[in-house]
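Here's the structure we're looking at; comments come further down.
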Protein chains: 2
Amino acid sequence: MGGIRNLESLFNPKTIAVVGASPTAGKISNIILKSLKHSSFSGKVYPINPRYKEVQGLKCFKSIADIGAQVDLAVFAIPAKTVPGALRDSEARLNVAVIVSGGFGETGEAGRALEKELKEIVSRTGVRVVGPNCMGIYDSFSGVDTFFIPEDRMKRPGKGGLSIVSQSGSFAVTAMDELAAEGAGAARIISYGNKADVNETDCLEFLIDDEQTTAVALYIESIEEGRRFVDVASRCAAKKPVMALKVGKSAVGMDAAHSHTGALAGRYEVYKAAFKKAGVIELSGYEDFLSACKALSVLKKTVAGRRVMIITDGGGMGVNIADACASLGLEVEPLPEKAKEQMSLLLPRFCSVSNPMDLTGSATDELFAEALEKTLDTDGYDLAIVAALWGPPALTDELPHLISEKAELADKPVIICSPGGVYTRAKTALFGKYGLPVFPSPESAARAASILCRGRRKA
Amino acid sequence: MGGIRNLESLFNPKTIAVVGASPTAGKISNIILKSLKHSSFSGKVYPINPRYKEVQGLKCFKSIADIGAQVDLAVFAIPAKTVPGALRDSEARLNVAVIVSGGFGETGEAGRALEKELKEIVSRTGVRVVGPNCMGIYDSFSGVDTFFIPEDRMKRPGKGGLSIVSQSGSFAVTAMDELAAEGAGAARIISYGNKADVNETDCLEFLIDDEQTTAVALYIESIEEGRRFVDVASRCAAKKPVMALKVGKSAVGMDAAHSHTGALAGRYEVYKAAFKKAGVIELSGYEDFLSACKALSVLKKTVAGRRVMIITDGGGMGVNIADACASLGLEVEPLPEKAKEQMSLLLPRFCSVSNPMDLTGSATDELFAEALEKTLDTDGYDLAIVAALWGPPALTDELPHLISEKAELADKPVIICSPGGVYTRAKTALFGKYGLPVFPSPESAARAASILCRGRRKA
């Protein structure tokens, strides 16, 4: 098996060839070439297409062999049936091929035959193949970007510590776009599709020692090398948080996964047990995946306990957060006496000096800050969820800054829960500016909190 | 008990007094007076405050008695300890009092005594009291609006068929603001707080025969009149969908609810059984509450079955939706032969002609429309979830219009699932324009679908 051999060429290539490069705007190869030209990628980019002498201002080559030098990474964006031939022609000169083309194992008999050809080339020559039927790689550090959605339709996240390894391209794209929209960063994002060669375990193995990656989120339809996965995931989880969403849990989901990437999803219970054994935090679905990614992208630090302090200016939202926390096995312990006394002196008498602490509509920026400082200063809590509803008239744009100061002082994670409409959504960026992750519902904030407590959720 | 007596004066008053009316901007009474002046409310508005002759250009009265006429509705925005006296002075001239002031049963001994005084006035005089410690009422039809958050911080929903009855003010405010931000309408929204008199059951009873209300969503911390609630809810649910979120499920949530509105939350299992008996659709949390409200606000029609067709242009998202549907007990049945044949002719060969149907990155507006028409045309499905990811370059702003045409043709509910970042979020309004409800995740779309299937979820 390939393991991590040559994967450095995938993430940190010095040379990239785009096979099938086209001058036609909107074509996949055209978008990829444009992305590479406009990204921070500092290596050489070679368009490959026998029909052109130049594409997008770059000299175009007839084939990879024609370049006359070793190529680290080649992206194949050509019809499925022409892929095996083109790969054979390049194999001696190529370290890694990203095959974005669809029409392989996920379709009919003919597609499966083509995929078998790819596998034969891999095992004969040692060239590594990512895909087919994938989006390839986005790397915020090296600037490699084979995700063929134009920038105006999908924003790329800035630099960050979170890496995503996803069987599904559309899933990875959507998560990336959401993270970018909320100012959260990422390190490497890999969509590996049908995994004719490179699979989730190979990528995860590479990320164990990757210094840029501080946390990994996996989207999995199927795992074939179960034993190796558990071994690799255990080693990775010992160094950084590893989270996984397994889809195709239901019978109908399994069928859908099969027609999607040809994956044989297998019994969900087996995956569940494998994740547990490896110390992988299991994610429950797309919403959970996003909450987890945002939490670990913005707040790098996890905590040893699971005692949550809840501060709110809306009592009902406090109750909702308490319920959501309890359902995930987080602890919402009563306020220690010292903090209770201190806060009783500070707060108007109709505030609830408790956990959740309800500052009511009389909340001010300063009351939020005081409440956060006094409660996190005790030994009672590992992290805080602050539900900042923007109704109270005294709240100003200073609130995010004040909260972030107290979070830093306490050196404990602070999560913002801020559901609401136009005004509230416009304030989200303010929290982001001060390094506070914002979640739009009690449930998403609680999910994020449970991830920061090292995913030790209720079974 | 009060039942629905006088509640017409709450929802459709001809005269409203604002007790404690103040010229000071930002004060609760000031905001309420401003809202009433700027809303569509067409009746008389009387500021009441012995300190002023005029407030906001309106003649100000010393007291309600001073007006010299019967007043349908009075809003009390004065300190808690002055409320019982002011109410006593007005009782003979007043039908309904909305007491927004806090500082009653939700605080200490003194507050509980004040609340007891209110109850005595109610039982002695028959004046109806909403609150205390509440936001009161927003009615998009009559224009009554006692929610004291300025318009710039909280948008009000336009006219719609959904009514919300909420013990928590902040919960109601946040939900309203989110609905308004997404273009969904509402009929009556009531925040009843400590319910010294008017409670959830009274409001629900009023809504049974309310023609403007086509669906009801309840946010409940506690119910005292259990038997009457089951009776009233059963009668309402026989005429229109009734949904309920019960919070304070966990021990910590129960405590939080108690300090919030003085509610004794009681055992969750009892509520669960009561909802089931009454035919009330139980909602699981804030996210579920919002999905349900949006679904029933935008699409008025529920369906008899629960067979869902899923159409997507991203395979992974299709798998996620299938899993989310299955987990709620929705059925994702295979494509009937006729539709399969028709679609096989239309779609590129690497599309998945199945359910979920994956149109892949080659999706066009027309393929989405065709797929929707051909699948909903069969007897196989009750509704459809369309996952429109905006990556595919051929998709244009015509997509929402085309989808809405086919939805209308089929006369079945169509739900849009459209997760993503900046570009995607900007397109949400386009779907809204054509009457299609949009959800930002597979889970929220599935929750909405299950509500439209009359809430018949897996236990």
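FYI, nothing fancy with the structure tokens labels: chains A, B, ... in order, residues from 1 per chain, ligands from 1 as they appear.
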
DSSP helix (DSSP H, G or I) residues within range 340-420 of chain A, listed as a CSV table (one decimal) with N, CA and C atoms, in the first residue's frame:
```csv
chain,number,residue,atom,x,y,z
A,340,LYS,N,-21.1,34.0,43.6
A,340,LYS,CA,-22.5,34.3,43.9
A,340,LYS,C,-22.5,35.6,44.7
A,341,GLU,N,-21.7,35.7,45.7
A,341,GLU,CA,-21.7,36.9,46.5
A,341,GLU,C,-21.3,38.1,45.7
A,342,GLN,N,-20.2,37.9,45.0
A,342,GLN,CA,-19.7,39.1,44.2
A,342,GLN,C,-20.7,39.6,43.2
A,343,MET,N,-21.3,38.6,42.5
A,343,MET,CA,-22.3,39.0,41.5
A,343,MET,C,-23.5,39.6,42.0
A,344,SER,N,-24.0,39.1,43.2
A,344,SER,CA,-25.2,39.7,43.9
A,344,SER,C,-25.0,41.2,44.1
A,345,LEU,N,-23.8,41.6,44.5
A,345,LEU,CA,-23.5,43.0,44.7
A,345,LEU,C,-23.6,43.8,43.5
A,346,LEU,N,-23.2,43.2,42.4
A,346,LEU,CA,-23.1,43.9,41.1
A,346,LEU,C,-24.4,44.1,40.3
A,365,ASP,N,-22.6,46.1,28.5
A,365,ASP,CA,-21.3,45.5,28.1
A,365,ASP,C,-20.5,45.1,29.4
A,366,GLU,N,-20.5,46.1,30.4
A,366,GLU,CA,-19.7,45.9,31.6
A,366,GLU,C,-20.2,44.7,32.4
A,367,LEU,N,-21.6,44.6,32.5
A,367,LEU,CA,-22.1,43.5,33.3
A,367,LEU,C,-21.7,42.1,32.7
A,368,PHE,N,-21.8,42.0,31.4
A,368,PHE,CA,-21.3,40.8,30.7
A,368,PHE,C,-19.9,40.5,31.1
A,369,ALA,N,-19.0,41.5,31.0
A,369,ALA,CA,-17.6,41.4,31.2
A,369,ALA,C,-17.4,41.0,32.7
A,370,GLU,N,-18.0,41.7,33.6
A,370,GLU,CA,-17.9,41.3,35.1
A,370,GLU,C,-18.3,39.9,35.4
A,371,ALA,N,-19.5,39.6,34.8
A,371,ALA,CA,-20.0,38.2,35.1
A,371,ALA,C,-19.0,37.2,34.6
A,372,LEU,N,-18.5,37.4,33.4
A,372,LEU,CA,-17.5,36.4,32.8
A,372,LEU,C,-16.3,36.3,33.7
A,373,GLU,N,-15.8,37.5,34.1
A,373,GLU,CA,-14.5,37.5,34.9
A,373,GLU,C,-14.7,36.8,36.2
A,374,LYS,N,-15.8,37.2,36.9
A,374,LYS,CA,-16.0,36.6,38.2
A,374,LYS,C,-16.3,35.1,38.2
A,375,THR,N,-17.0,34.6,37.2
A,375,THR,CA,-17.3,33.2,37.2
A,375,THR,C,-16.2,32.4,36.7
A,376,LEU,N,-15.4,32.8,35.7
A,376,LEU,CA,-14.3,32.0,35.2
A,376,LEU,C,-13.1,32.1,36.2
A,399,LEU,N,-19.0,45.3,23.3
A,399,LEU,CA,-19.2,44.1,24.0
A,399,LEU,C,-18.2,43.0,23.5
A,400,PRO,N,-18.0,42.7,22.2
A,400,PRO,CA,-17.1,41.6,21.8
A,400,PRO,C,-15.7,41.8,22.4
A,401,HIS,N,-15.2,43.1,22.3
A,401,HIS,CA,-13.9,43.4,22.8
A,401,HIS,C,-13.7,43.1,24.3
A,402,LEU,N,-14.7,43.6,25.1
A,402,LEU,CA,-14.7,43.4,26.5
A,402,LEU,C,-14.7,41.9,26.9
A,403,ILE,N,-15.6,41.1,26.1
A,403,ILE,CA,-15.7,39.7,26.4
A,403,ILE,C,-14.3,39.0,26.1
A,404,SER,N,-13.7,39.4,25.0
A,404,SER,CA,-12.5,38.7,24.6
A,404,SER,C,-11.4,39.0,25.6
A,405,GLU,N,-11.4,40.2,26.1
A,405,GLU,CA,-10.3,40.5,27.2
A,405,GLU,C,-10.5,39.6,28.4
A,406,LYS,N,-11.7,39.4,28.8
A,406,LYS,CA,-11.9,38.6,30.0
A,406,LYS,C,-11.6,37.1,29.7
A,407,ALA,N,-11.9,36.7,28.4
A,407,ALA,CA,-11.6,35.3,28.0
A,407,ALA,C,-10.1,35.1,28.1
A,408,GLU,N,-9.4,36.1,27.6
A,408,GLU,CA,-7.9,36.0,27.6
A,408,GLU,C,-7.4,35.9,29.0
A,409,LEU,N,-7.9,36.8,29.8
A,409,LEU,CA,-7.5,36.9,31.2
A,409,LEU,C,-7.7,35.5,31.9
A,410,ALA,N,-8.9,34.9,31.7
A,410,ALA,CA,-9.2,33.6,32.3
A,410,ALA,C,-8.5,32.5,31.7
```

Subject >> 6 Å contacts from chain A to chain B using only C-alpha atoms, as a PyMOL selection string >> reply: chain A and resi 103+107+149+153+168+170-171+174+177-178+181+250+253+256-257+260+314-316+319+322-323+350+391+420-423

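Residues surrounding His38 in chain A within 12 Å are Ile31, Ile32, Leu33, Lys34, Ser35, Leu36, Ser40, Phe41, Ser42, Val45, Gln56, Gly143, Val144, Asp145, Pro150 and Glu151 of chain A [only C-alpha atoms; sequence separation below 2 positions excluded].
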
Output the selection as an mmCIF file, in the first residue's frame - C-alpha atoms for each residue.
```cif
data_model
loop_
_atom_site.group_PDB
_atom_site.id
_atom_site.type_symbol
_atom_site.label_atom_id
_atom_site.label_comp_id
_atom_site.auth_asym_id
_atom_site.auth_seq_id
_atom_site.Cartn_x
_atom_site.Cartn_y
_atom_site.Cartn_z
ATOM 1 C CA ILE A 31 -10.787 27.439 -13.180
ATOM 2 C CA ILE A 32 -8.025 25.325 -11.610
ATOM 3 C CA LEU A 33 -5.308 27.064 -13.651
ATOM 4 C CA LYS A 34 -6.729 30.450 -12.688
ATOM 5 C CA SER A 35 -6.840 29.502 -9.006
ATOM 6 C CA LEU A 36 -3.221 28.357 -9.065
ATOM 7 C CA SER A 40 -0.072 32.057 -3.018
ATOM 8 C CA PHE A 41 1.404 28.995 -4.764
ATOM 9 C CA SER A 42 4.977 29.936 -5.553
ATOM 10 C CA VAL A 45 2.576 25.705 -13.124
ATOM 11 C CA GLN A 56 -3.794 31.887 -19.713
ATOM 12 C CA GLY A 143 -1.362 27.765 -2.014
ATOM 13 C CA VAL A 144 -2.237 24.534 -3.880
ATOM 14 C CA ASP A 145 -5.890 24.727 -4.918
ATOM 15 C CA PRO A 150 -14.639 29.903 -8.894
ATOM 16 C CA GLU A 151 -13.717 32.204 -6.004
#
```

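With only C-alpha atoms taken into account, the protein and nucleic acid residues at most 9 Å from range 78-91 of chain B (excluding it and anything under 5 positions from it in its own chain) are B:Val19, B:Gly20, B:Ala21, B:Ser29, B:Ser63, B:Ile64, B:Ala65, B:Ala97, B:Ile99, B:Val100, B:Ser101, B:Gly102, B:Gly103, B:Phe104, B:Ala110, B:Gly111, B:Leu114, B:Glu115, B:Glu117, B:Leu118, B:Ile121, B:Val122, B:Thr125, B:Gly126, B:Val127, B:Pro132.
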
Produce a file of the selected residues containing N, CA, C and O atoms, as a compact mmCIF listing (two decimals), in the first residue's frame.
```txt
# COMPACT_ATOMS: atom_id res chain seq x y z
N VAL B 19 -48.95 52.86 30.14
CA VAL B 19 -48.81 53.37 31.50
C VAL B 19 -47.33 53.53 31.83
O VAL B 19 -46.55 52.56 31.74
N GLY B 20 -46.95 54.76 32.17
CA GLY B 20 -45.53 55.05 32.43
C GLY B 20 -44.87 55.68 31.21
O GLY B 20 -43.64 55.73 31.15
N ALA B 21 -45.69 56.12 30.27
CA ALA B 21 -45.17 56.69 29.02
C ALA B 21 -44.11 57.77 29.32
O ALA B 21 -44.33 58.63 30.15
N SER B 29 -41.12 52.20 27.82
CA SER B 29 -42.41 52.80 27.49
C SER B 29 -42.30 53.67 26.25
O SER B 29 -43.22 53.76 25.44
N SER B 63 -53.95 59.26 34.52
CA SER B 63 -54.22 57.85 34.86
C SER B 63 -55.21 57.32 33.83
O SER B 63 -55.77 58.10 33.05
N ILE B 64 -55.44 56.03 33.86
CA ILE B 64 -56.42 55.44 32.94
C ILE B 64 -57.82 55.99 33.27
O ILE B 64 -58.59 56.31 32.35
N ALA B 65 -58.10 56.13 34.58
CA ALA B 65 -59.41 56.67 34.97
C ALA B 65 -59.61 58.06 34.37
O ALA B 65 -60.72 58.43 33.97
N ALA B 97 -54.57 44.00 30.80
CA ALA B 97 -53.32 44.66 31.15
C ALA B 97 -52.14 43.78 30.72
O ALA B 97 -52.12 42.60 31.04
N ILE B 99 -48.37 43.45 31.47
CA ILE B 99 -47.39 43.98 32.43
C ILE B 99 -46.00 43.50 32.01
O ILE B 99 -45.65 42.32 32.19
N VAL B 100 -45.25 44.40 31.41
CA VAL B 100 -43.93 43.99 30.89
C VAL B 100 -42.87 44.05 31.99
O VAL B 100 -41.83 43.40 31.88
N SER B 101 -43.13 44.79 33.07
CA SER B 101 -42.14 44.94 34.15
C SER B 101 -41.70 43.59 34.71
O SER B 101 -42.50 42.68 34.87
N GLY B 102 -40.40 43.48 35.03
CA GLY B 102 -39.88 42.32 35.74
C GLY B 102 -39.80 42.65 37.22
O GLY B 102 -40.09 43.78 37.64
N GLY B 103 -39.40 41.67 38.03
CA GLY B 103 -39.25 41.91 39.46
C GLY B 103 -40.39 41.30 40.25
O GLY B 103 -40.69 41.74 41.37
N PHE B 104 -41.03 40.28 39.71
CA PHE B 104 -42.14 39.62 40.40
C PHE B 104 -41.73 38.22 40.86
O PHE B 104 -40.65 38.05 41.42
N ALA B 110 -40.25 39.23 48.05
CA ALA B 110 -41.01 40.47 47.81
C ALA B 110 -41.71 40.42 46.46
O ALA B 110 -42.88 40.82 46.31
N GLY B 111 -40.99 39.91 45.45
CA GLY B 111 -41.55 39.81 44.11
C GLY B 111 -42.74 38.86 44.08
O GLY B 111 -43.76 39.11 43.43
N LEU B 114 -45.78 40.58 45.41
CA LEU B 114 -46.36 41.50 44.42
C LEU B 114 -47.19 40.71 43.40
O LEU B 114 -48.28 41.13 42.99
N GLU B 115 -46.67 39.56 42.99
CA GLU B 115 -47.39 38.77 41.99
C GLU B 115 -48.70 38.24 42.57
O GLU B 115 -49.71 38.16 41.87
N GLU B 117 -50.48 39.78 44.74
CA GLU B 117 -51.40 40.93 44.69
C GLU B 117 -52.08 41.02 43.32
O GLU B 117 -53.28 41.27 43.22
N LEU B 118 -51.27 40.83 42.27
CA LEU B 118 -51.83 40.89 40.92
C LEU B 118 -52.93 39.85 40.75
O LEU B 118 -54.01 40.12 40.22
N ILE B 121 -56.14 40.85 42.34
CA ILE B 121 -56.88 41.85 41.55
C ILE B 121 -57.61 41.16 40.39
O ILE B 121 -58.78 41.43 40.12
N VAL B 122 -56.90 40.24 39.74
CA VAL B 122 -57.51 39.51 38.61
C VAL B 122 -58.75 38.77 39.07
O VAL B 122 -59.82 38.88 38.45
N THR B 125 -61.60 41.32 40.13
CA THR B 125 -62.20 42.28 39.19
C THR B 125 -62.45 41.71 37.81
O THR B 125 -63.23 42.27 37.05
N GLY B 126 -61.77 40.62 37.46
CA GLY B 126 -61.96 40.08 36.11
C GLY B 126 -61.14 40.76 35.04
O GLY B 126 -61.22 40.40 33.87
N VAL B 127 -60.33 41.76 35.43
CA VAL B 127 -59.41 42.31 34.44
C VAL B 127 -58.44 41.20 34.06
O VAL B 127 -58.08 40.37 34.90
N PRO B 132 -46.79 39.22 34.69
CA PRO B 132 -45.72 40.19 34.42
C PRO B 132 -44.47 39.50 33.86
O PRO B 132 -44.50 38.30 33.60
```

Subject >> All residues 10 Å or closer to Gly305 in chain A, only C-alpha atoms, same chain fewer than 3 positions away omitted, as a list of chain:residue names >> reply: A:Thr302, A:Val308, A:Leu330, A:Glu331, A:Tyr381, A:Asp382, A:Leu383, A:Ser450, A:Leu452, A:Cys453, A:Arg454, A:Arg456

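Each of A:Ala387, A:Ala292, A:Val96, A:Ala304 was compared to Arg447 in chain A using only C-alpha atoms, and A:Ala292 turns out to be the nearest.
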
**OP:** List every residue of range 105-204 of chain A that DSSP, applied to the backbone of this structure, assigns to strand (DSSP E), and report them as an MDAnalysis selection string.
**Re:** chainID A and resid 128:130 136:139 162:166 188:191

Subject >> Surrounding residues of Leu7 in chain B excluding itself and chain neighbours under 2 positions, 8 Å, only C-alpha atoms, as a ChimeraX atom specification >> reply: /B:4-5,9-11,96,128,206

For all heavy atoms, I'd like the residues from the last selection saved as a short mmCIF file (atom, residue, chain, number, x, y, z; two decimals), in the first residue's frame.
```cif
data_model
loop_
_atom_site.label_atom_id
_atom_site.label_comp_id
_atom_site.auth_asym_id
_atom_site.auth_seq_id
_atom_site.Cartn_x
_atom_site.Cartn_y
_atom_site.Cartn_z
N ILE B 4 -60.79 32.45 27.61
CA ILE B 4 -60.51 33.41 26.54
C ILE B 4 -61.26 34.73 26.73
O ILE B 4 -61.23 35.60 25.87
CB ILE B 4 -60.88 32.83 25.14
CG1 ILE B 4 -62.38 32.51 25.05
CG2 ILE B 4 -60.05 31.60 24.85
CD1 ILE B 4 -62.81 32.18 23.63
N ARG B 5 -61.92 34.89 27.88
CA ARG B 5 -62.68 36.10 28.11
C ARG B 5 -61.80 37.34 27.93
O ARG B 5 -60.69 37.39 28.45
CB ARG B 5 -63.28 36.08 29.53
CG ARG B 5 -64.39 37.11 29.77
CD ARG B 5 -64.96 36.95 31.18
NE ARG B 5 -63.88 36.81 32.15
CZ ARG B 5 -63.19 37.85 32.64
NH1 ARG B 5 -63.48 39.08 32.26
NH2 ARG B 5 -62.23 37.64 33.51
N SER B 9 -59.73 41.80 23.22
CA SER B 9 -59.18 43.13 23.53
C SER B 9 -57.64 43.12 23.51
O SER B 9 -57.01 44.17 23.40
CB SER B 9 -59.63 43.61 24.91
OG SER B 9 -61.01 43.88 24.89
N LEU B 10 -57.07 41.95 23.67
CA LEU B 10 -55.61 41.84 23.62
C LEU B 10 -55.13 41.87 22.17
O LEU B 10 -54.18 42.58 21.83
CB LEU B 10 -55.18 40.53 24.30
CG LEU B 10 -53.72 40.13 24.23
CD1 LEU B 10 -52.84 41.13 24.97
CD2 LEU B 10 -53.51 38.73 24.83
N PHE B 11 -55.82 41.11 21.32
CA PHE B 11 -55.36 40.99 19.94
C PHE B 11 -55.93 42.08 19.04
O PHE B 11 -55.28 42.49 18.09
CB PHE B 11 -55.74 39.60 19.39
CG PHE B 11 -55.06 38.48 20.13
CD1 PHE B 11 -55.74 37.72 21.07
CD2 PHE B 11 -53.72 38.20 19.89
CE1 PHE B 11 -55.10 36.70 21.76
CE2 PHE B 11 -53.07 37.18 20.57
CZ PHE B 11 -53.77 36.43 21.51
N VAL B 96 -57.80 44.47 29.42
CA VAL B 96 -56.58 43.64 29.50
C VAL B 96 -55.37 44.49 29.86
O VAL B 96 -55.19 45.58 29.30
CB VAL B 96 -56.28 42.93 28.15
CG1 VAL B 96 -55.00 42.10 28.25
CG2 VAL B 96 -57.44 42.06 27.71
N ARG B 128 -58.07 41.12 32.77
CA ARG B 128 -57.11 40.08 32.36
C ARG B 128 -55.71 40.65 32.42
O ARG B 128 -55.48 41.80 32.03
CB ARG B 128 -57.39 39.59 30.93
CG ARG B 128 -58.78 39.01 30.70
CD ARG B 128 -59.11 37.86 31.64
NE ARG B 128 -58.16 36.77 31.67
CZ ARG B 128 -58.22 35.69 30.90
NH1 ARG B 128 -59.17 35.58 29.99
NH2 ARG B 128 -57.34 34.72 31.01
N PHE B 206 -57.87 30.73 22.38
CA PHE B 206 -58.27 31.85 21.52
C PHE B 206 -57.91 31.55 20.06
O PHE B 206 -58.65 31.89 19.14
CB PHE B 206 -57.58 33.14 21.96
CG PHE B 206 -57.94 34.33 21.11
CD1 PHE B 206 -59.07 35.09 21.40
CD2 PHE B 206 -57.17 34.67 20.00
CE1 PHE B 206 -59.42 36.17 20.59
CE2 PHE B 206 -57.52 35.75 19.19
CZ PHE B 206 -58.65 36.51 19.49
#
```

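Of the residues under consideration (A:Ala388, A:Asp379, A:Leu299, A:Tyr46), A:Asp379 shows the shortest atom-to-atom contact distance to Pro336 in chain A when counting only C-alpha atoms.
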
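The space between CA of Lys300 in chain A and CA of Gly432 in chain A spans 14.1 Å.
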
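We find CA of Tyr52 in chain A and CA of Asp66 in chain A to be spaced 13.4 Å apart.
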
**OP:** Give me the residues within 12 Å of Asp202 in chain B as number ranges by chain, counting only C-alpha atoms and dropping any in the same chain fewer than 5 places off.
**Re:** B: 1-8, 10, 128-130, 165, 190, 192, 195, 197, 207-208, 223-225, 228-229, 231-233, 236

Keeping only N, CA, C and O atoms, write the selected residues to a file as a short mmCIF file (atom, residue, chain, number, x, y, z; two decimals), in the first residue's frame.
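Wrote it out as selection15.cif, contents follow:
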```
data_model
loop_
_atom_site.label_atom_id
_atom_site.label_comp_id
_atom_site.auth_asym_id
_atom_site.auth_seq_id
_atom_site.Cartn_x
_atom_site.Cartn_y
_atom_site.Cartn_z
N MET B 1 -61.63 30.57 36.37
CA MET B 1 -60.49 30.94 35.50
C MET B 1 -60.92 31.83 34.33
O MET B 1 -62.07 31.84 33.94
N GLY B 2 -59.96 32.48 33.77
CA GLY B 2 -60.27 33.48 32.76
C GLY B 2 -60.58 32.94 31.37
O GLY B 2 -61.37 33.53 30.63
N GLY B 3 -59.96 31.79 30.99
CA GLY B 3 -60.18 31.27 29.65
C GLY B 3 -59.88 32.32 28.60
O GLY B 3 -58.88 33.04 28.69
N ILE B 4 -60.79 32.45 27.61
CA ILE B 4 -60.51 33.41 26.54
C ILE B 4 -61.26 34.73 26.73
O ILE B 4 -61.23 35.60 25.87
N ARG B 5 -61.92 34.89 27.88
CA ARG B 5 -62.68 36.10 28.11
C ARG B 5 -61.80 37.34 27.93
O ARG B 5 -60.69 37.39 28.45
N ASN B 6 -62.29 38.30 27.22
CA ASN B 6 -61.60 39.58 26.99
C ASN B 6 -60.37 39.49 26.08
O ASN B 6 -59.75 40.52 25.81
N LEU B 7 -59.99 38.30 25.63
CA LEU B 7 -58.73 38.23 24.86
C LEU B 7 -58.84 38.93 23.51
O LEU B 7 -57.83 39.32 22.93
N GLU B 8 -60.06 39.09 23.03
CA GLU B 8 -60.24 39.88 21.80
C GLU B 8 -59.63 41.28 22.00
O GLU B 8 -59.08 41.87 21.07
N LEU B 10 -57.07 41.95 23.67
CA LEU B 10 -55.61 41.84 23.62
C LEU B 10 -55.13 41.87 22.17
O LEU B 10 -54.18 42.58 21.83
N ARG B 128 -58.07 41.12 32.77
CA ARG B 128 -57.11 40.08 32.36
C ARG B 128 -55.71 40.65 32.42
O ARG B 128 -55.48 41.80 32.03
N VAL B 129 -54.77 39.82 32.87
CA VAL B 129 -53.38 40.25 32.95
C VAL B 129 -52.49 39.33 32.13
O VAL B 129 -52.54 38.10 32.30
N VAL B 130 -51.70 39.91 31.24
CA VAL B 130 -50.65 39.17 30.53
C VAL B 130 -49.33 39.56 31.19
O VAL B 130 -49.04 40.74 31.34
N VAL B 165 -46.76 31.26 20.73
CA VAL B 165 -47.14 31.51 22.12
C VAL B 165 -45.96 31.10 22.98
O VAL B 165 -45.61 29.92 23.02
N ILE B 190 -47.21 35.97 21.14
CA ILE B 190 -47.49 36.34 22.53
C ILE B 190 -46.37 35.84 23.42
O ILE B 190 -46.02 34.66 23.39
N TYR B 192 -45.90 35.52 27.36
CA TYR B 192 -46.78 35.66 28.52
C TYR B 192 -46.07 35.59 29.87
O TYR B 192 -46.70 35.70 30.92
N LYS B 195 -47.21 34.54 33.79
CA LYS B 195 -48.62 34.14 33.72
C LYS B 195 -49.37 34.25 35.06
O LYS B 195 -49.92 33.26 35.54
N ASP B 197 -52.02 35.49 35.16
CA ASP B 197 -53.40 35.20 34.73
C ASP B 197 -53.39 34.47 33.38
O ASP B 197 -53.49 33.25 33.34
N LEU B 207 -56.77 30.90 19.84
CA LEU B 207 -56.28 30.69 18.47
C LEU B 207 -57.03 29.59 17.72
O LEU B 207 -56.94 29.50 16.51
N ILE B 208 -57.78 28.76 18.47
CA ILE B 208 -58.53 27.67 17.81
C ILE B 208 -59.41 28.24 16.70
O ILE B 208 -59.40 27.74 15.57
N ILE B 223 -46.58 24.00 32.47
CA ILE B 223 -48.03 24.05 32.28
C ILE B 223 -48.65 23.67 33.62
O ILE B 223 -48.25 22.66 34.21
N GLU B 224 -49.57 24.49 34.13
CA GLU B 224 -50.20 24.15 35.40
C GLU B 224 -51.52 23.41 35.20
O GLU B 224 -51.80 22.44 35.87
N GLU B 225 -52.33 23.90 34.24
CA GLU B 225 -53.64 23.28 34.04
C GLU B 225 -53.51 22.16 33.01
O GLU B 225 -53.97 22.29 31.87
N ARG B 228 -56.78 20.75 31.22
CA ARG B 228 -57.38 21.73 30.31
C ARG B 228 -56.48 21.92 29.08
O ARG B 228 -56.95 22.05 27.95
N PHE B 229 -55.16 21.93 29.30
CA PHE B 229 -54.25 22.07 28.17
C PHE B 229 -54.47 20.96 27.15
O PHE B 229 -54.59 21.22 25.95
N ASP B 231 -57.08 19.16 26.63
CA ASP B 231 -58.37 19.33 25.99
C ASP B 231 -58.32 20.43 24.92
O ASP B 231 -58.71 20.23 23.76
N VAL B 232 -57.78 21.59 25.30
CA VAL B 232 -57.72 22.73 24.38
C VAL B 232 -56.78 22.42 23.21
O VAL B 232 -57.11 22.68 22.04
N ALA B 233 -55.62 21.85 23.51
CA ALA B 233 -54.64 21.54 22.46
C ALA B 233 -55.21 20.53 21.48
O ALA B 233 -55.00 20.64 20.26
N CYS B 236 -57.52 22.35 19.19
CA CYS B 236 -56.78 23.20 18.24
C CYS B 236 -56.08 22.34 17.19
O CYS B 236 -56.13 22.63 16.00
#
```
